[in-house]
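Enquirer: After the structure tokens below, expect a handful of questions from me.
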Amino acid sequence: MPASRIRLHVEDTGGDGRPVILIHGWPLSADAWKQQVSILRDAQHRVISYDRRGFGRSEKPAEGYDYDTLAADLAGLIEERDLHDVTLVGFSMGGGEVARYASNHGQDRLHSVVFAAAVPPFLLRSDDNPEGPLTQEKADEMRSGLEKDREAFFDGFTRDFFSAHGQLMVTEETRQAAIALCHQSDQNAALGCMKAFATTDFREDLKKITVPTLILHGDSDAIVPFEGSGQRTHRAIPGSEVVILEGAPHGCNTSHADHFNLALLNFLKQ
């Protein structure tokens, strides 16, 4: 397993509660889940979060930023700790790991899954994927922006990340903390994962998911609009539940933490 060959920074509250694994968005780290960890722990869950390879405090290898490898990293973590009855919570890019893990590694160890502001089923718009919310022009613009000036790119990205209809929904201090997490990312990893979340097709992966599923999404998400992502994922997974967070931007687990946490806790009771 790749996870045994590279060092992932893992936060684990321990205990014998039902495990919840939190998979962060791009280009952040496990610290992006600060508003969730203590709440879930207090609800008697064993809460595990980790920095994706190339991000935060994890090892930053030169390669391995495709979803098959990223899902294998997740599988390695689950197997090394011998976790069962797990709920996977994938935020944004992390939703891709959830889908690909279930597809490549099966659902025997899973209790349920959550797609939070998540990128599946397929972001990039094409003739084969006309509902994709990300145009090739916008994808190229993002890539060139990150290549030219990380500081300017992350400043603009975090504004969009936390804004609804152009209004910043968190404090400037919170946004600056997110920028600091962005700068912990390796440039090669950031570009590799940007390509992965933009161009990976999860439509076949979603068809395989049979465990209870929650789709949690802000209705004002400017990064991964609900109509092109969460709504389509809901249609693809029979019996899945949807909770829409009113007025919430992409970074809804931070900006609307109370509503996000309540929806997550209610789902975890099942």
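Residue numbering restarts at 1 for every chain of the structure tokens, chains are lettered A, B, ... in their displayed order, and ligands are numbered from 1 as they appear.
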Contacts of Arg143 (chain A) at 12 Å or less, counting only C-alpha atoms, minus same-chain residues fewer than 5 places along, as a ChimeraX atom specification?
Expert: /A:136-138,148-150,153-154,157,187-188,190-196,198
Enquirer: Could you dump the residues just selected with C-alpha atoms as a PDB file, in the first residue's frame?
Expert:
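again.pdb written:
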ATOM      1  CA  GLN A 136     -11.855  23.886 -19.593  1.00  0.00           C
ATOM      2  CA  GLU A 137     -11.180  27.642 -19.776  1.00  0.00           C
ATOM      3  CA  LYS A 138     -11.680  28.047 -16.018  1.00  0.00           C
ATOM      4  CA  LYS A 148       2.404  32.098 -11.798  1.00  0.00           C
ATOM      5  CA  ASP A 149       1.796  33.395  -8.269  1.00  0.00           C
ATOM      6  CA  ARG A 150       0.830  31.147  -5.351  1.00  0.00           C
ATOM      7  CA  PHE A 153      -3.879  32.689  -6.230  1.00  0.00           C
ATOM      8  CA  PHE A 154      -4.491  31.502  -2.653  1.00  0.00           C
ATOM      9  CA  PHE A 157      -9.178  31.255  -3.913  1.00  0.00           C
ATOM     10  CA  GLN A 187       3.419  23.024  -5.407  1.00  0.00           C
ATOM     11  CA  ASN A 188       3.740  19.767  -7.318  1.00  0.00           C
ATOM     12  CA  ALA A 190      -1.213  21.209  -5.438  1.00  0.00           C
ATOM     13  CA  LEU A 191      -1.011  21.140  -9.234  1.00  0.00           C
ATOM     14  CA  GLY A 192      -1.313  17.352  -9.418  1.00  0.00           C
ATOM     15  CA  CYS A 193      -4.397  17.281  -7.209  1.00  0.00           C
ATOM     16  CA  MET A 194      -5.916  20.236  -9.056  1.00  0.00           C
ATOM     17  CA  LYS A 195      -5.708  18.184 -12.235  1.00  0.00           C
ATOM     18  CA  ALA A 196      -7.104  15.126 -10.450  1.00  0.00           C
ATOM     19  CA  ALA A 198     -10.936  18.621 -12.186  1.00  0.00           C
TER      20      ALA A 198
END
Enquirer: Taking the DSSP assignment computed from this structure's backbone, write out as a PyMOL selection string all residues of region 26-113 of chain A that belong to helix (DSSP H, G or I).
Expert: chain A and resi 30-42+67-80+94-105
Enquirer: Report the distance between CA of Val89 (chain A) and CA of Leu77 (chain A) in Å, rounded to one decimal place.
Expert: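 Computed distance, CA of Val89 (chain A) to CA of Leu77 (chain A), equals 14.5 Å.
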Enquirer: Find the spatial neighbours of His24 (chain A), counting only C-alpha atoms, within a cut-off of 10 Å - ignore same-chain residues fewer than 3 positions away - and output them as an MDAnalysis selection string.
Expert: chainID A and resid 21 27:33 49:52 89:95 97 116
Enquirer: Filtering to all heavy atoms, could you give me those residues as a compact mmCIF listing (two decimals), in the first residue's frame?
Expert:
# COMPACT_ATOMS: atom_id res chain seq x y z
N ILE A 21 -13.85 9.17 9.66
CA ILE A 21 -12.63 9.67 9.02
C ILE A 21 -12.98 10.91 8.21
O ILE A 21 -13.83 10.86 7.32
CB ILE A 21 -11.97 8.61 8.13
CG1 ILE A 21 -11.60 7.37 8.95
CG2 ILE A 21 -10.73 9.18 7.44
CD1 ILE A 21 -10.94 6.27 8.15
N PRO A 27 -6.59 23.22 -1.02
CA PRO A 27 -5.29 22.62 -0.77
C PRO A 27 -4.93 22.72 0.72
O PRO A 27 -3.89 23.23 1.08
CB PRO A 27 -4.38 23.53 -1.61
CG PRO A 27 -5.01 24.91 -1.47
CD PRO A 27 -6.49 24.70 -1.19
N LEU A 28 -5.85 22.28 1.55
CA LEU A 28 -5.77 22.49 3.00
C LEU A 28 -5.10 21.32 3.71
O LEU A 28 -4.22 20.68 3.18
CB LEU A 28 -7.18 22.79 3.54
CG LEU A 28 -7.89 23.96 2.84
CD1 LEU A 28 -9.34 24.08 3.30
CD2 LEU A 28 -7.15 25.27 3.09
N SER A 29 -5.53 21.06 4.94
CA SER A 29 -4.98 19.95 5.73
C SER A 29 -6.04 19.52 6.72
O SER A 29 -7.14 20.09 6.76
CB SER A 29 -3.70 20.38 6.46
OG SER A 29 -4.02 21.19 7.58
N ALA A 30 -5.70 18.56 7.57
CA ALA A 30 -6.64 18.11 8.60
C ALA A 30 -7.09 19.23 9.51
O ALA A 30 -8.18 19.18 10.10
CB ALA A 30 -5.99 16.99 9.43
N ASP A 31 -6.28 20.30 9.62
CA ASP A 31 -6.66 21.43 10.47
C ASP A 31 -7.94 22.13 9.99
O ASP A 31 -8.55 22.87 10.76
CB ASP A 31 -5.52 22.45 10.53
CG ASP A 31 -4.39 22.00 11.44
OD1 ASP A 31 -4.57 21.01 12.18
OD2 ASP A 31 -3.31 22.63 11.41
N ALA A 32 -8.32 21.89 8.75
CA ALA A 32 -9.56 22.49 8.24
C ALA A 32 -10.80 21.91 8.93
O ALA A 32 -11.89 22.45 8.78
CB ALA A 32 -9.65 22.27 6.74
N TRP A 33 -10.64 20.83 9.69
CA TRP A 33 -11.75 20.16 10.37
C TRP A 33 -11.87 20.57 11.85
O TRP A 33 -12.58 19.90 12.62
CB TRP A 33 -11.59 18.65 10.29
CG TRP A 33 -11.77 18.07 8.92
CD1 TRP A 33 -10.80 17.55 8.11
CD2 TRP A 33 -12.99 17.92 8.19
NE1 TRP A 33 -11.34 17.08 6.94
CE2 TRP A 33 -12.70 17.30 6.96
CE3 TRP A 33 -14.33 18.26 8.47
CZ2 TRP A 33 -13.67 17.02 6.01
CZ3 TRP A 33 -15.30 17.97 7.53
CH2 TRP A 33 -14.97 17.36 6.32
N SER A 49 -8.54 12.28 11.35
CA SER A 49 -8.33 13.16 10.19
C SER A 49 -6.86 13.07 9.81
O SER A 49 -6.01 12.73 10.64
CB SER A 49 -8.73 14.60 10.52
OG SER A 49 -8.06 15.06 11.67
N TYR A 50 -6.56 13.34 8.57
CA TYR A 50 -5.16 13.23 8.12
C TYR A 50 -4.88 14.23 7.03
O TYR A 50 -5.80 14.70 6.35
CB TYR A 50 -4.86 11.80 7.64
CG TYR A 50 -5.59 11.36 6.39
CD1 TYR A 50 -4.99 11.43 5.13
CD2 TYR A 50 -6.89 10.84 6.46
CE1 TYR A 50 -5.66 11.01 3.98
CE2 TYR A 50 -7.57 10.43 5.33
CZ TYR A 50 -6.95 10.52 4.09
OH TYR A 50 -7.62 10.11 2.96
N ASP A 51 -3.61 14.60 6.93
CA ASP A 51 -3.18 15.47 5.84
C ASP A 51 -2.91 14.60 4.62
O ASP A 51 -2.14 13.64 4.69
CB ASP A 51 -1.89 16.20 6.22
CG ASP A 51 -2.05 17.16 7.39
OD1 ASP A 51 -3.19 17.38 7.83
OD2 ASP A 51 -1.02 17.69 7.87
N ARG A 52 -3.57 14.92 3.53
CA ARG A 52 -3.34 14.19 2.27
C ARG A 52 -1.85 14.26 1.90
O ARG A 52 -1.17 15.24 2.21
CB ARG A 52 -4.19 14.83 1.18
CG ARG A 52 -4.14 14.19 -0.19
CD ARG A 52 -5.01 14.94 -1.20
NE ARG A 52 -6.43 14.69 -0.94
CZ ARG A 52 -7.26 15.59 -0.40
NH1 ARG A 52 -6.83 16.78 -0.06
NH2 ARG A 52 -8.53 15.29 -0.20
N VAL A 89 -16.10 10.92 5.62
CA VAL A 89 -16.64 12.25 5.32
C VAL A 89 -15.64 12.94 4.41
O VAL A 89 -14.54 13.32 4.84
CB VAL A 89 -16.86 13.08 6.60
CG1 VAL A 89 -17.50 14.43 6.24
CG2 VAL A 89 -17.73 12.33 7.60
N GLY A 90 -16.00 13.09 3.14
CA GLY A 90 -15.10 13.70 2.17
C GLY A 90 -15.56 15.09 1.81
O GLY A 90 -16.66 15.27 1.27
N PHE A 91 -14.72 16.08 2.10
CA PHE A 91 -15.05 17.47 1.77
C PHE A 91 -14.40 17.86 0.45
O PHE A 91 -13.20 17.67 0.27
CB PHE A 91 -14.57 18.41 2.88
CG PHE A 91 -14.83 19.86 2.59
CD1 PHE A 91 -16.05 20.43 2.92
CD2 PHE A 91 -13.89 20.63 1.93
CE1 PHE A 91 -16.31 21.75 2.61
CE2 PHE A 91 -14.14 21.96 1.62
CZ PHE A 91 -15.36 22.52 1.97
N SER A 92 -15.20 18.39 -0.46
CA SER A 92 -14.72 18.90 -1.75
C SER A 92 -13.90 17.84 -2.47
O SER A 92 -14.41 16.78 -2.82
CB SER A 92 -13.93 20.20 -1.54
OG SER A 92 -13.68 20.83 -2.76
N MET A 93 -12.59 18.07 -2.66
CA MET A 93 -11.74 17.07 -3.30
C MET A 93 -11.81 15.74 -2.57
O MET A 93 -11.73 14.67 -3.18
CB MET A 93 -10.30 17.58 -3.32
CG MET A 93 -9.33 16.54 -3.78
SD MET A 93 -7.64 17.08 -3.88
CE MET A 93 -6.99 15.58 -4.66
N GLY A 94 -11.98 15.78 -1.23
CA GLY A 94 -12.04 14.56 -0.42
C GLY A 94 -13.19 13.65 -0.78
O GLY A 94 -13.14 12.44 -0.52
N GLY A 95 -14.24 14.22 -1.37
CA GLY A 95 -15.35 13.38 -1.83
C GLY A 95 -14.92 12.43 -2.92
O GLY A 95 -15.49 11.34 -3.07
N GLU A 97 -11.99 10.88 -2.98
CA GLU A 97 -11.39 9.74 -2.29
C GLU A 97 -12.46 8.80 -1.76
O GLU A 97 -12.31 7.58 -1.79
CB GLU A 97 -10.51 10.20 -1.13
CG GLU A 97 -9.08 10.46 -1.53
CD GLU A 97 -8.67 11.90 -1.34
OE1 GLU A 97 -9.45 12.80 -1.66
OE2 GLU A 97 -7.54 12.13 -0.88
N ALA A 116 -19.46 16.09 1.27
CA ALA A 116 -19.67 17.46 1.74
C ALA A 116 -19.05 18.45 0.75
O ALA A 116 -17.84 18.45 0.54
CB ALA A 116 -19.04 17.63 3.13
Enquirer: Could you please determine the separation between CA of Val20 (chain A) and CA of Thr254 (chain A) in Å, to one decimal place?
Expert: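 Rounded to one decimal, the two atoms are 17.9 Å apart.
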Enquirer: Counting only C-alpha atoms, which residue out of A:Asn253, A:Gln107, A:Asn129, A:Ser185 sits closest to Ser229 (chain A)?
Expert: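 Going through A:Asn253, A:Gln107, A:Asn129, A:Ser185 one by one, the smallest distance to Ser229 (chain A) is for A:Asn129.
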Enquirer: Taking only C-alpha atoms into account, name the residue in A:Ala189, A:Ile6, A:Leu22, A:Leu124 that is nearest to Glu63 (chain A).
Expert: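 Looking only at the distances to Glu63 (chain A), the closest residue turns out to be A:Ala189.
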Enquirer: Between A:Gly25, A:Gly251, A:Gly54, A:Gly166, single out the one closest to Asp73 (chain A), counting only C-alpha atoms.
Expert: A:Gly54
Enquirer: Select, from A:Cys252, A:Leu134, A:Ile48, A:Leu40, the residue with the minimum atom-to-atom distance to Leu168 (chain A), counting only C-alpha atoms.
Expert: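 Of all the options, A:Cys252 lies closest to Leu168 (chain A).
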Enquirer: Just list the residues in region 122-231 of chain A DSSP gives strand (DSSP E) on the backbone, as a PyMOL selection string.
Expert: chain A and resi 163-164+167-168+213-218
Enquirer: If I take CA of Leu110 (chain A) and CA of Pro212 (chain A), how far is one from the other in Å, to one decimal?
Expert: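 CA of Leu110 (chain A) sits 9.4 Å away from CA of Pro212 (chain A).
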Enquirer: From the list A:His256, A:Arg7, A:Arg125, A:Arg100, which residue is nearest Val113 (chain A) when using only C-alpha atoms?
Expert: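 Result for the nearest residue to Val113 (chain A): A:Arg100.
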